[in-house]
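Below you'll find the structure, written out as structure tokens, and then a few comments.
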Protein chains: 2
Amino acid sequence: MGPQDAAAQGGAVPAELARLRSSIDNMDAALVHLLAERFKVTQRVGELKAGLGLPPADPVREQAQIARLRALAEDAHLDPEFAEKFLNFVVAEVVRHHEAIRDARD
Amino acid sequence: MGPQDAAAQGGAVPAELARLRSSIDNMDAALVHLLAERFKVTQRVGELKAGLGLPPADPVREQAQIARLRALAEDAHLDPEFAEKFLNFVVAEVVRHHEAIRDARD
């Protein structure tokens, strides 16, 4: 079958592709709920840090998190570079929240 | 307590902060394993698409995923903008994998 044939069939999704997408959708719902819960906890961390006068970002903690997640990623056959980028992506959002909490108190 | 006082206490982590960080670490391990599983499935999607001659990216599917995840995020009290950015971040990595699969076959 040539590269254009399936695309020319008019958009019907093959059964296996539909099945795989359904699994992806389930995992994405789980990821969103887990991220929602993670931000609930980091929100509490932000309030605690603001109350204690601790800075929003913590480079030592972040380095330890990166090293741990890279090791977990390797065990799970996930690209460690991607795991690190993912953590940086989430932490950037968290630090943004923490700065907002701190600024609201100033 | 002033902004510098806790920081000046020499790096001891308050008990509640340590407890919250332990929960974050548990959730991060779950996130990494879920992402690893998601990439296993999208790897299979990439192989299937390459075999069928379907393009790596699918804008119609991606729009449906974004709308669904934004709605799930709102229900879970997660910023829908962040949920969308998160999906775009993951999908960008997936498309990169799919292009690599396609290029390896060319």
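Scheme for the structure tokens: letters A, B, ... for chains in order shown; per-chain residue numbers from 1; ligand numbers from 1 in order shown.
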
Post-fit chain B coords, all in-order Cα pairs vs chain A, as a PDB file with N, CA and C atoms, in the first residue's frame:
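Output file out17.pdb follows:
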ATOM      1  N   MET B   1       1.187  -0.815   0.025  1.00  0.00           N
ATOM      2  CA  MET B   1       0.287   0.365   0.032  1.00  0.00           C
ATOM      3  C   MET B   1       1.125   1.636   0.062  1.00  0.00           C
ATOM      4  N   GLY B   2       0.864   2.559  -0.848  1.00  0.00           N
ATOM      5  CA  GLY B   2       1.641   3.793  -0.922  1.00  0.00           C
ATOM      6  C   GLY B   2       1.245   4.773   0.155  1.00  0.00           C
ATOM      7  N   PRO B   3       2.045   5.813   0.337  1.00  0.00           N
ATOM      8  CA  PRO B   3       1.826   6.770   1.430  1.00  0.00           C
ATOM      9  C   PRO B   3       0.471   7.467   1.385  1.00  0.00           C
ATOM     10  N   GLN B   4      -0.122   7.628   0.208  1.00  0.00           N
ATOM     11  CA  GLN B   4      -1.369   8.400   0.132  1.00  0.00           C
ATOM     12  C   GLN B   4      -2.621   7.524   0.236  1.00  0.00           C
ATOM     13  N   ASP B   5      -2.452   6.189   0.115  1.00  0.00           N
ATOM     14  CA  ASP B   5      -3.626   5.325  -0.017  1.00  0.00           C
ATOM     15  C   ASP B   5      -4.562   5.381   1.192  1.00  0.00           C
ATOM     16  N   ALA B   6      -3.997   5.190   2.391  1.00  0.00           N
ATOM     17  CA  ALA B   6      -4.848   5.166   3.584  1.00  0.00           C
ATOM     18  C   ALA B   6      -5.499   6.525   3.797  1.00  0.00           C
ATOM     19  N   ALA B   7      -4.700   7.589   3.582  1.00  0.00           N
ATOM     20  CA  ALA B   7      -5.234   8.938   3.770  1.00  0.00           C
ATOM     21  C   ALA B   7      -6.381   9.184   2.787  1.00  0.00           C
ATOM     22  N   ALA B   8      -6.276   8.540   1.610  1.00  0.00           N
ATOM     23  CA  ALA B   8      -7.286   8.750   0.573  1.00  0.00           C
ATOM     24  C   ALA B   8      -8.556   7.961   0.855  1.00  0.00           C
ATOM     25  N   GLN B   9      -8.541   7.099   1.903  1.00  0.00           N
ATOM     26  CA  GLN B   9      -9.719   6.287   2.191  1.00  0.00           C
ATOM     27  C   GLN B   9     -10.820   7.095   2.877  1.00  0.00           C
ATOM     28  N   GLY B  10     -10.543   8.364   3.140  1.00  0.00           N
ATOM     29  CA  GLY B  10     -11.616   9.269   3.547  1.00  0.00           C
ATOM     30  C   GLY B  10     -11.765   9.460   5.036  1.00  0.00           C
ATOM     31  N   GLY B  11     -10.735   9.150   5.831  1.00  0.00           N
ATOM     32  CA  GLY B  11     -10.770   9.538   7.233  1.00  0.00           C
ATOM     33  C   GLY B  11     -11.287   8.469   8.167  1.00  0.00           C
ATOM     34  N   ALA B  12     -11.687   7.287   7.675  1.00  0.00           N
ATOM     35  CA  ALA B  12     -12.076   6.199   8.581  1.00  0.00           C
ATOM     36  C   ALA B  12     -10.847   5.773   9.364  1.00  0.00           C
ATOM     37  N   VAL B  13     -11.005   5.623  10.681  1.00  0.00           N
ATOM     38  CA  VAL B  13      -9.870   5.266  11.530  1.00  0.00           C
ATOM     39  C   VAL B  13      -9.818   3.742  11.665  1.00  0.00           C
ATOM     40  N   PRO B  14      -8.668   3.136  11.322  1.00  0.00           N
ATOM     41  CA  PRO B  14      -8.562   1.678  11.475  1.00  0.00           C
ATOM     42  C   PRO B  14      -8.852   1.272  12.921  1.00  0.00           C
ATOM     43  N   ALA B  15      -9.398   0.058  13.086  1.00  0.00           N
ATOM     44  CA  ALA B  15      -9.844  -0.396  14.416  1.00  0.00           C
ATOM     45  C   ALA B  15      -8.712  -0.377  15.441  1.00  0.00           C
ATOM     46  N   GLU B  16      -7.514  -0.819  15.037  1.00  0.00           N
ATOM     47  CA  GLU B  16      -6.436  -0.865  16.030  1.00  0.00           C
ATOM     48  C   GLU B  16      -6.026   0.547  16.442  1.00  0.00           C
ATOM     49  N   LEU B  17      -6.021   1.467  15.481  1.00  0.00           N
ATOM     50  CA  LEU B  17      -5.691   2.859  15.811  1.00  0.00           C
ATOM     51  C   LEU B  17      -6.728   3.434  16.790  1.00  0.00           C
ATOM     52  N   ALA B  18      -7.998   3.143  16.567  1.00  0.00           N
ATOM     53  CA  ALA B  18      -9.056   3.620  17.471  1.00  0.00           C
ATOM     54  C   ALA B  18      -8.866   3.047  18.872  1.00  0.00           C
ATOM     55  N   ARG B  19      -8.493   1.779  18.948  1.00  0.00           N
ATOM     56  CA  ARG B  19      -8.274   1.119  20.239  1.00  0.00           C
ATOM     57  C   ARG B  19      -7.106   1.764  20.981  1.00  0.00           C
ATOM     58  N   LEU B  20      -6.014   2.003  20.256  1.00  0.00           N
ATOM     59  CA  LEU B  20      -4.838   2.615  20.878  1.00  0.00           C
ATOM     60  C   LEU B  20      -5.165   4.036  21.344  1.00  0.00           C
ATOM     61  N   ARG B  21      -5.922   4.762  20.535  1.00  0.00           N
ATOM     62  CA  ARG B  21      -6.282   6.139  20.919  1.00  0.00           C
ATOM     63  C   ARG B  21      -7.156   6.152  22.168  1.00  0.00           C
ATOM     64  N   SER B  22      -8.005   5.151  22.306  1.00  0.00           N
ATOM     65  CA  SER B  22      -8.840   5.067  23.510  1.00  0.00           C
ATOM     66  C   SER B  22      -7.964   4.886  24.754  1.00  0.00           C
ATOM     67  N   SER B  23      -6.893   4.080  24.631  1.00  0.00           N
ATOM     68  CA  SER B  23      -5.958   3.919  25.757  1.00  0.00           C
ATOM     69  C   SER B  23      -5.227   5.222  26.048  1.00  0.00           C
ATOM     70  N   ILE B  24      -4.826   5.928  25.002  1.00  0.00           N
ATOM     71  CA  ILE B  24      -4.155   7.220  25.188  1.00  0.00           C
ATOM     72  C   ILE B  24      -5.097   8.193  25.909  1.00  0.00           C
ATOM     73  N   ASP B  25      -6.371   8.208  25.492  1.00  0.00           N
ATOM     74  CA  ASP B  25      -7.329   9.117  26.134  1.00  0.00           C
ATOM     75  C   ASP B  25      -7.491   8.780  27.613  1.00  0.00           C
ATOM     76  N   ASN B  26      -7.537   7.489  27.939  1.00  0.00           N
ATOM     77  CA  ASN B  26      -7.636   7.104  29.356  1.00  0.00           C
ATOM     78  C   ASN B  26      -6.417   7.575  30.135  1.00  0.00           C
ATOM     79  N   MET B  27      -5.247   7.391  29.547  1.00  0.00           N
ATOM     80  CA  MET B  27      -4.026   7.805  30.253  1.00  0.00           C
ATOM     81  C   MET B  27      -3.956   9.318  30.375  1.00  0.00           C
ATOM     82  N   ASP B  28      -4.409  10.032  29.354  1.00  0.00           N
ATOM     83  CA  ASP B  28      -4.394  11.503  29.438  1.00  0.00           C
ATOM     84  C   ASP B  28      -5.323  12.003  30.537  1.00  0.00           C
ATOM     85  N   ALA B  29      -6.466  11.345  30.703  1.00  0.00           N
ATOM     86  CA  ALA B  29      -7.367  11.731  31.796  1.00  0.00           C
ATOM     87  C   ALA B  29      -6.679  11.496  33.140  1.00  0.00           C
ATOM     88  N   ALA B  30      -5.983  10.365  33.264  1.00  0.00           N
ATOM     89  CA  ALA B  30      -5.250  10.073  34.506  1.00  0.00           C
ATOM     90  C   ALA B  30      -4.149  11.101  34.725  1.00  0.00           C
ATOM     91  N   LEU B  31      -3.422  11.453  33.666  1.00  0.00           N
ATOM     92  CA  LEU B  31      -2.350  12.447  33.781  1.00  0.00           C
ATOM     93  C   LEU B  31      -2.901  13.793  34.241  1.00  0.00           C
ATOM     94  N   VAL B  32      -4.006  14.219  33.647  1.00  0.00           N
ATOM     95  CA  VAL B  32      -4.584  15.515  34.018  1.00  0.00           C
ATOM     96  C   VAL B  32      -5.013  15.506  35.487  1.00  0.00           C
ATOM     97  N   HIS B  33      -5.614  14.418  35.929  1.00  0.00           N
ATOM     98  CA  HIS B  33      -6.059  14.368  37.328  1.00  0.00           C
ATOM     99  C   HIS B  33      -4.877  14.304  38.288  1.00  0.00           C
ATOM    100  N   LEU B  34      -3.831  13.602  37.875  1.00  0.00           N
ATOM    101  CA  LEU B  34      -2.633  13.532  38.718  1.00  0.00           C
ATOM    102  C   LEU B  34      -1.950  14.900  38.776  1.00  0.00           C
ATOM    103  N   LEU B  35      -1.894  15.584  37.652  1.00  0.00           N
ATOM    104  CA  LEU B  35      -1.310  16.929  37.639  1.00  0.00           C
ATOM    105  C   LEU B  35      -2.146  17.889  38.484  1.00  0.00           C
ATOM    106  N   ALA B  36      -3.472  17.747  38.424  1.00  0.00           N
ATOM    107  CA  ALA B  36      -4.336  18.600  39.242  1.00  0.00           C
ATOM    108  C   ALA B  36      -4.031  18.384  40.723  1.00  0.00           C
ATOM    109  N   GLU B  37      -3.864  17.130  41.112  1.00  0.00           N
ATOM    110  CA  GLU B  37      -3.558  16.816  42.505  1.00  0.00           C
ATOM    111  C   GLU B  37      -2.166  17.339  42.874  1.00  0.00           C
ATOM    112  N   ARG B  38      -1.203  17.191  41.949  1.00  0.00           N
ATOM    113  CA  ARG B  38       0.157  17.694  42.203  1.00  0.00           C
ATOM    114  C   ARG B  38       0.141  19.208  42.450  1.00  0.00           C
ATOM    115  N   PHE B  39      -0.641  19.939  41.658  1.00  0.00           N
ATOM    116  CA  PHE B  39      -0.696  21.395  41.843  1.00  0.00           C
ATOM    117  C   PHE B  39      -1.414  21.763  43.138  1.00  0.00           C
ATOM    118  N   LYS B  40      -2.359  20.920  43.567  1.00  0.00           N
ATOM    119  CA  LYS B  40      -2.971  21.165  44.880  1.00  0.00           C
ATOM    120  C   LYS B  40      -1.896  21.103  45.969  1.00  0.00           C
ATOM    121  N   VAL B  41      -1.019  20.116  45.861  1.00  0.00           N
ATOM    122  CA  VAL B  41       0.031  19.961  46.881  1.00  0.00           C
ATOM    123  C   VAL B  41       1.069  21.081  46.761  1.00  0.00           C
ATOM    124  N   THR B  42       1.461  21.426  45.540  1.00  0.00           N
ATOM    125  CA  THR B  42       2.468  22.493  45.400  1.00  0.00           C
ATOM    126  C   THR B  42       1.872  23.857  45.782  1.00  0.00           C
ATOM    127  N   GLN B  43       0.558  23.999  45.633  1.00  0.00           N
ATOM    128  CA  GLN B  43      -0.099  25.219  46.112  1.00  0.00           C
ATOM    129  C   GLN B  43       0.103  25.348  47.625  1.00  0.00           C
ATOM    130  N   ARG B  44      -0.081  24.236  48.326  1.00  0.00           N
ATOM    131  CA  ARG B  44       0.121  24.217  49.789  1.00  0.00           C
ATOM    132  C   ARG B  44       1.594  24.484  50.117  1.00  0.00           C
ATOM    133  N   VAL B  45       2.495  23.907  49.305  1.00  0.00           N
ATOM    134  CA  VAL B  45       3.934  24.160  49.491  1.00  0.00           C
ATOM    135  C   VAL B  45       4.209  25.658  49.336  1.00  0.00           C
ATOM    136  N   GLY B  46       3.596  26.262  48.329  1.00  0.00           N
ATOM    137  CA  GLY B  46       3.813  27.691  48.081  1.00  0.00           C
ATOM    138  C   GLY B  46       3.344  28.543  49.248  1.00  0.00           C
ATOM    139  N   GLU B  47       2.189  28.197  49.795  1.00  0.00           N
ATOM    140  CA  GLU B  47       1.672  28.952  50.939  1.00  0.00           C
ATOM    141  C   GLU B  47       2.589  28.791  52.145  1.00  0.00           C
ATOM    142  N   LEU B  48       3.037  27.542  52.354  1.00  0.00           N
ATOM    143  CA  LEU B  48       3.943  27.244  53.469  1.00  0.00           C
ATOM    144  C   LEU B  48       5.252  28.023  53.316  1.00  0.00           C
ATOM    145  N   LYS B  49       5.832  27.980  52.114  1.00  0.00           N
ATOM    146  CA  LYS B  49       7.092  28.686  51.868  1.00  0.00           C
ATOM    147  C   LYS B  49       6.930  30.196  52.069  1.00  0.00           C
ATOM    148  N   ALA B  50       5.817  30.720  51.560  1.00  0.00           N
ATOM    149  CA  ALA B  50       5.591  32.166  51.705  1.00  0.00           C
ATOM    150  C   ALA B  50       5.471  32.530  53.179  1.00  0.00           C
ATOM    151  N   GLY B  51       4.780  31.679  53.944  1.00  0.00           N
ATOM    152  CA  GLY B  51       4.609  31.935  55.370  1.00  0.00           C
ATOM    153  C   GLY B  51       5.916  31.856  56.142  1.00  0.00           C
ATOM    154  N   LEU B  52       6.809  30.970  55.682  1.00  0.00           N
ATOM    155  CA  LEU B  52       8.104  30.777  56.351  1.00  0.00           C
ATOM    156  C   LEU B  52       9.187  31.697  55.797  1.00  0.00           C
ATOM    157  N   GLY B  53       8.856  32.447  54.750  1.00  0.00           N
ATOM    158  CA  GLY B  53       9.860  33.313  54.143  1.00  0.00           C
ATOM    159  C   GLY B  53      10.892  32.555  53.333  1.00  0.00           C
ATOM    160  N   LEU B  54      10.532  31.352  52.878  1.00  0.00           N
ATOM    161  CA  LEU B  54      11.449  30.589  52.023  1.00  0.00           C
ATOM    162  C   LEU B  54      11.265  31.027  50.567  1.00  0.00           C
ATOM    163  N   PRO B  55      12.338  31.005  49.759  1.00  0.00           N
ATOM    164  CA  PRO B  55      12.221  31.424  48.356  1.00  0.00           C
ATOM    165  C   PRO B  55      11.356  30.447  47.556  1.00  0.00           C
ATOM    166  N   PRO B  56      10.640  30.923  46.505  1.00  0.00           N
ATOM    167  CA  PRO B  56       9.767  30.043  45.713  1.00  0.00           C
ATOM    168  C   PRO B  56      10.526  28.887  45.056  1.00  0.00           C
ATOM    169  N   ALA B  57      11.700  29.170  44.497  1.00  0.00           N
ATOM    170  CA  ALA B  57      12.466  28.118  43.822  1.00  0.00           C
ATOM    171  C   ALA B  57      13.488  27.535  44.786  1.00  0.00           C
ATOM    172  N   ASP B  58      13.827  26.255  44.573  1.00  0.00           N
ATOM    173  CA  ASP B  58      14.788  25.572  45.438  1.00  0.00           C
ATOM    174  C   ASP B  58      15.684  24.704  44.549  1.00  0.00           C
ATOM    175  N   PRO B  59      16.800  25.293  44.050  1.00  0.00           N
ATOM    176  CA  PRO B  59      17.633  24.592  43.060  1.00  0.00           C
ATOM    177  C   PRO B  59      18.184  23.256  43.562  1.00  0.00           C
ATOM    178  N   VAL B  60      18.499  23.144  44.856  1.00  0.00           N
ATOM    179  CA  VAL B  60      19.051  21.884  45.379  1.00  0.00           C
ATOM    180  C   VAL B  60      17.992  20.783  45.304  1.00  0.00           C
ATOM    181  N   ARG B  61      16.792  21.099  45.760  1.00  0.00           N
ATOM    182  CA  ARG B  61      15.673  20.163  45.664  1.00  0.00           C
ATOM    183  C   ARG B  61      15.409  19.790  44.206  1.00  0.00           C
ATOM    184  N   GLU B  62      15.435  20.788  43.312  1.00  0.00           N
ATOM    185  CA  GLU B  62      15.136  20.506  41.903  1.00  0.00           C
ATOM    186  C   GLU B  62      16.175  19.570  41.277  1.00  0.00           C
ATOM    187  N   GLN B  63      17.444  19.746  41.638  1.00  0.00           N
ATOM    188  CA  GLN B  63      18.485  18.856  41.113  1.00  0.00           C
ATOM    189  C   GLN B  63      18.253  17.420  41.578  1.00  0.00           C
ATOM    190  N   ALA B  64      17.860  17.258  42.849  1.00  0.00           N
ATOM    191  CA  ALA B  64      17.592  15.916  43.384  1.00  0.00           C
ATOM    192  C   ALA B  64      16.389  15.291  42.671  1.00  0.00           C
ATOM    193  N   GLN B  65      15.356  16.110  42.404  1.00  0.00           N
ATOM    194  CA  GLN B  65      14.175  15.602  41.695  1.00  0.00           C
ATOM    195  C   GLN B  65      14.536  15.153  40.282  1.00  0.00           C
ATOM    196  N   ILE B  66      15.352  15.970  39.602  1.00  0.00           N
ATOM    197  CA  ILE B  66      15.745  15.629  38.227  1.00  0.00           C
ATOM    198  C   ILE B  66      16.512  14.314  38.204  1.00  0.00           C
ATOM    199  N   ALA B  67      17.477  14.157  39.104  1.00  0.00           N
ATOM    200  CA  ALA B  67      18.290  12.929  39.127  1.00  0.00           C
ATOM    201  C   ALA B  67      17.405  11.713  39.392  1.00  0.00           C
ATOM    202  N   ARG B  68      16.472  11.859  40.341  1.00  0.00           N
ATOM    203  CA  ARG B  68      15.593  10.739  40.686  1.00  0.00           C
ATOM    204  C   ARG B  68      14.682  10.379  39.512  1.00  0.00           C
ATOM    205  N   LEU B  69      14.091  11.403  38.883  1.00  0.00           N
ATOM    206  CA  LEU B  69      13.150  11.119  37.784  1.00  0.00           C
ATOM    207  C   LEU B  69      13.868  10.555  36.563  1.00  0.00           C
ATOM    208  N   ARG B  70      15.095  10.997  36.321  1.00  0.00           N
ATOM    209  CA  ARG B  70      15.861  10.418  35.201  1.00  0.00           C
ATOM    210  C   ARG B  70      16.093   8.925  35.447  1.00  0.00           C
ATOM    211  N   ALA B  71      16.418   8.561  36.691  1.00  0.00           N
ATOM    212  CA  ALA B  71      16.656   7.150  37.017  1.00  0.00           C
ATOM    213  C   ALA B  71      15.359   6.342  36.873  1.00  0.00           C
ATOM    214  N   LEU B  72      14.241   6.902  37.379  1.00  0.00           N
ATOM    215  CA  LEU B  72      12.943   6.223  37.239  1.00  0.00           C
ATOM    216  C   LEU B  72      12.581   6.066  35.762  1.00  0.00           C
ATOM    217  N   ALA B  73      12.856   7.108  34.976  1.00  0.00           N
ATOM    218  CA  ALA B  73      12.539   7.059  33.541  1.00  0.00           C
ATOM    219  C   ALA B  73      13.329   5.943  32.857  1.00  0.00           C
ATOM    220  N   GLU B  74      14.605   5.847  33.182  1.00  0.00           N
ATOM    221  CA  GLU B  74      15.413   4.777  32.564  1.00  0.00           C
ATOM    222  C   GLU B  74      14.844   3.407  32.875  1.00  0.00           C
ATOM    223  N   ASP B  75      14.460   3.196  34.137  1.00  0.00           N
ATOM    224  CA  ASP B  75      13.858   1.910  34.523  1.00  0.00           C
ATOM    225  C   ASP B  75      12.584   1.631  33.737  1.00  0.00           C
ATOM    226  N   ALA B  76      11.827   2.703  33.430  1.00  0.00           N
ATOM    227  CA  ALA B  76      10.529   2.548  32.758  1.00  0.00           C
ATOM    228  C   ALA B  76      10.666   2.640  31.233  1.00  0.00           C
ATOM    229  N   HIS B  77      11.912   2.707  30.733  1.00  0.00           N
ATOM    230  CA  HIS B  77      12.178   2.835  29.297  1.00  0.00           C
ATOM    231  C   HIS B  77      11.561   4.103  28.703  1.00  0.00           C
ATOM    232  N   LEU B  78      11.600   5.168  29.493  1.00  0.00           N
ATOM    233  CA  LEU B  78      11.220   6.496  28.999  1.00  0.00           C
ATOM    234  C   LEU B  78      12.518   7.289  28.824  1.00  0.00           C
ATOM    235  N   ASP B  79      12.606   8.066  27.757  1.00  0.00           N
ATOM    236  CA  ASP B  79      13.797   8.883  27.505  1.00  0.00           C
ATOM    237  C   ASP B  79      14.061   9.800  28.718  1.00  0.00           C
ATOM    238  N   PRO B  80      15.205   9.638  29.403  1.00  0.00           N
ATOM    239  CA  PRO B  80      15.491  10.478  30.572  1.00  0.00           C
ATOM    240  C   PRO B  80      15.514  11.965  30.242  1.00  0.00           C
ATOM    241  N   GLU B  81      15.949  12.306  29.021  1.00  0.00           N
ATOM    242  CA  GLU B  81      15.930  13.711  28.599  1.00  0.00           C
ATOM    243  C   GLU B  81      14.503  14.252  28.619  1.00  0.00           C
ATOM    244  N   PHE B  82      13.572  13.417  28.128  1.00  0.00           N
ATOM    245  CA  PHE B  82      12.176  13.859  28.124  1.00  0.00           C
ATOM    246  C   PHE B  82      11.658  14.006  29.548  1.00  0.00           C
ATOM    247  N   ALA B  83      12.011  13.056  30.426  1.00  0.00           N
ATOM    248  CA  ALA B  83      11.568  13.140  31.827  1.00  0.00           C
ATOM    249  C   ALA B  83      12.067  14.436  32.463  1.00  0.00           C
ATOM    250  N   GLU B  84      13.308  14.796  32.157  1.00  0.00           N
ATOM    251  CA  GLU B  84      13.870  16.038  32.720  1.00  0.00           C
ATOM    252  C   GLU B  84      13.144  17.258  32.151  1.00  0.00           C
ATOM    253  N   LYS B  85      12.914  17.254  30.837  1.00  0.00           N
ATOM    254  CA  LYS B  85      12.186  18.371  30.217  1.00  0.00           C
ATOM    255  C   LYS B  85      10.781  18.487  30.813  1.00  0.00           C
ATOM    256  N   PHE B  86      10.161  17.333  31.053  1.00  0.00           N
ATOM    257  CA  PHE B  86       8.813  17.316  31.634  1.00  0.00           C
ATOM    258  C   PHE B  86       8.819  17.938  33.029  1.00  0.00           C
ATOM    259  N   LEU B  87       9.780  17.520  33.852  1.00  0.00           N
ATOM    260  CA  LEU B  87       9.844  18.093  35.208  1.00  0.00           C
ATOM    261  C   LEU B  87      10.088  19.600  35.144  1.00  0.00           C
ATOM    262  N   ASN B  88      11.004  20.023  34.284  1.00  0.00           N
ATOM    263  CA  ASN B  88      11.273  21.463  34.157  1.00  0.00           C
ATOM    264  C   ASN B  88      10.009  22.223  33.736  1.00  0.00           C
ATOM    265  N   PHE B  89       9.250  21.601  32.845  1.00  0.00           N
ATOM    266  CA  PHE B  89       8.002  22.204  32.360  1.00  0.00           C
ATOM    267  C   PHE B  89       7.009  22.386  33.514  1.00  0.00           C
ATOM    268  N   VAL B  90       6.873  21.362  34.344  1.00  0.00           N
ATOM    269  CA  VAL B  90       5.928  21.422  35.473  1.00  0.00           C
ATOM    270  C   VAL B  90       6.449  22.372  36.548  1.00  0.00           C
ATOM    271  N   VAL B  91       7.752  22.290  36.847  1.00  0.00           N
ATOM    272  CA  VAL B  91       8.323  23.129  37.913  1.00  0.00           C
ATOM    273  C   VAL B  91       8.238  24.612  37.531  1.00  0.00           C
ATOM    274  N   ALA B  92       8.423  24.926  36.258  1.00  0.00           N
ATOM    275  CA  ALA B  92       8.316  26.320  35.812  1.00  0.00           C
ATOM    276  C   ALA B  92       6.926  26.869  36.143  1.00  0.00           C
ATOM    277  N   GLU B  93       5.909  26.038  35.938  1.00  0.00           N
ATOM    278  CA  GLU B  93       4.532  26.449  36.254  1.00  0.00           C
ATOM    279  C   GLU B  93       4.352  26.604  37.770  1.00  0.00           C
ATOM    280  N   VAL B  94       4.947  25.690  38.524  1.00  0.00           N
ATOM    281  CA  VAL B  94       4.837  25.748  39.991  1.00  0.00           C
ATOM    282  C   VAL B  94       5.495  27.021  40.524  1.00  0.00           C
ATOM    283  N   VAL B  95       6.697  27.327  40.025  1.00  0.00           N
ATOM    284  CA  VAL B  95       7.415  28.519  40.503  1.00  0.00           C
ATOM    285  C   VAL B  95       6.608  29.778  40.170  1.00  0.00           C
ATOM    286  N   ARG B  96       5.976  29.756  38.997  1.00  0.00           N
ATOM    287  CA  ARG B  96       5.109  30.881  38.608  1.00  0.00           C
ATOM    288  C   ARG B  96       3.972  31.038  39.626  1.00  0.00           C
ATOM    289  N   HIS B  97       3.373  29.915  40.038  1.00  0.00           N
ATOM    290  CA  HIS B  97       2.312  29.961  41.065  1.00  0.00           C
ATOM    291  C   HIS B  97       2.866  30.494  42.386  1.00  0.00           C
ATOM    292  N   HIS B  98       4.062  29.997  42.782  1.00  0.00           N
ATOM    293  CA  HIS B  98       4.634  30.397  44.067  1.00  0.00           C
ATOM    294  C   HIS B  98       4.945  31.890  44.085  1.00  0.00           C
ATOM    295  N   GLU B  99       5.447  32.389  42.963  1.00  0.00           N
ATOM    296  CA  GLU B  99       5.742  33.825  42.883  1.00  0.00           C
ATOM    297  C   GLU B  99       4.460  34.640  43.009  1.00  0.00           C
ATOM    298  N   ALA B 100       3.386  34.119  42.407  1.00  0.00           N
ATOM    299  CA  ALA B 100       2.097  34.812  42.496  1.00  0.00           C
ATOM    300  C   ALA B 100       1.599  34.835  43.939  1.00  0.00           C
ATOM    301  N   ILE B 101       1.782  33.709  44.650  1.00  0.00           N
ATOM    302  CA  ILE B 101       1.372  33.650  46.069  1.00  0.00           C
ATOM    303  C   ILE B 101       2.186  34.671  46.867  1.00  0.00           C
ATOM    304  N   ARG B 102       3.501  34.684  46.632  1.00  0.00           N
ATOM    305  CA  ARG B 102       4.378  35.605  47.367  1.00  0.00           C
ATOM    306  C   ARG B 102       4.004  37.051  47.061  1.00  0.00           C
ATOM    307  N   ASP B 103       3.795  37.350  45.763  1.00  0.00           N
ATOM    308  CA  ASP B 103       3.483  38.729  45.375  1.00  0.00           C
ATOM    309  C   ASP B 103       2.149  39.169  45.960  1.00  0.00           C
ATOM    310  N   ALA B 104       1.200  38.226  46.055  1.00  0.00           N
ATOM    311  CA  ALA B 104      -0.109  38.567  46.625  1.00  0.00           C
ATOM    312  C   ALA B 104       0.020  38.927  48.097  1.00  0.00           C
ATOM    313  N   ARG B 105       1.050  38.406  48.761  1.00  0.00           N
ATOM    314  CA  ARG B 105       1.260  38.698  50.191  1.00  0.00           C
ATOM    315  C   ARG B 105       2.046  39.985  50.401  1.00  0.00           C
ATOM    316  N   ASP B 106       2.829  40.394  49.396  1.00  0.00           N
ATOM    317  CA  ASP B 106       3.692  41.576  49.580  1.00  0.00           C
ATOM    318  C   ASP B 106       2.853  42.845  49.645  1.00  0.00           C
TER     319      ASP B 106
END

Using the chain letters and numbers from this document, which residues of chain A does DSSP assign to alpha helix (DSSP H), as a ChimeraX atom specification? /A:15-52,59-75,80-105
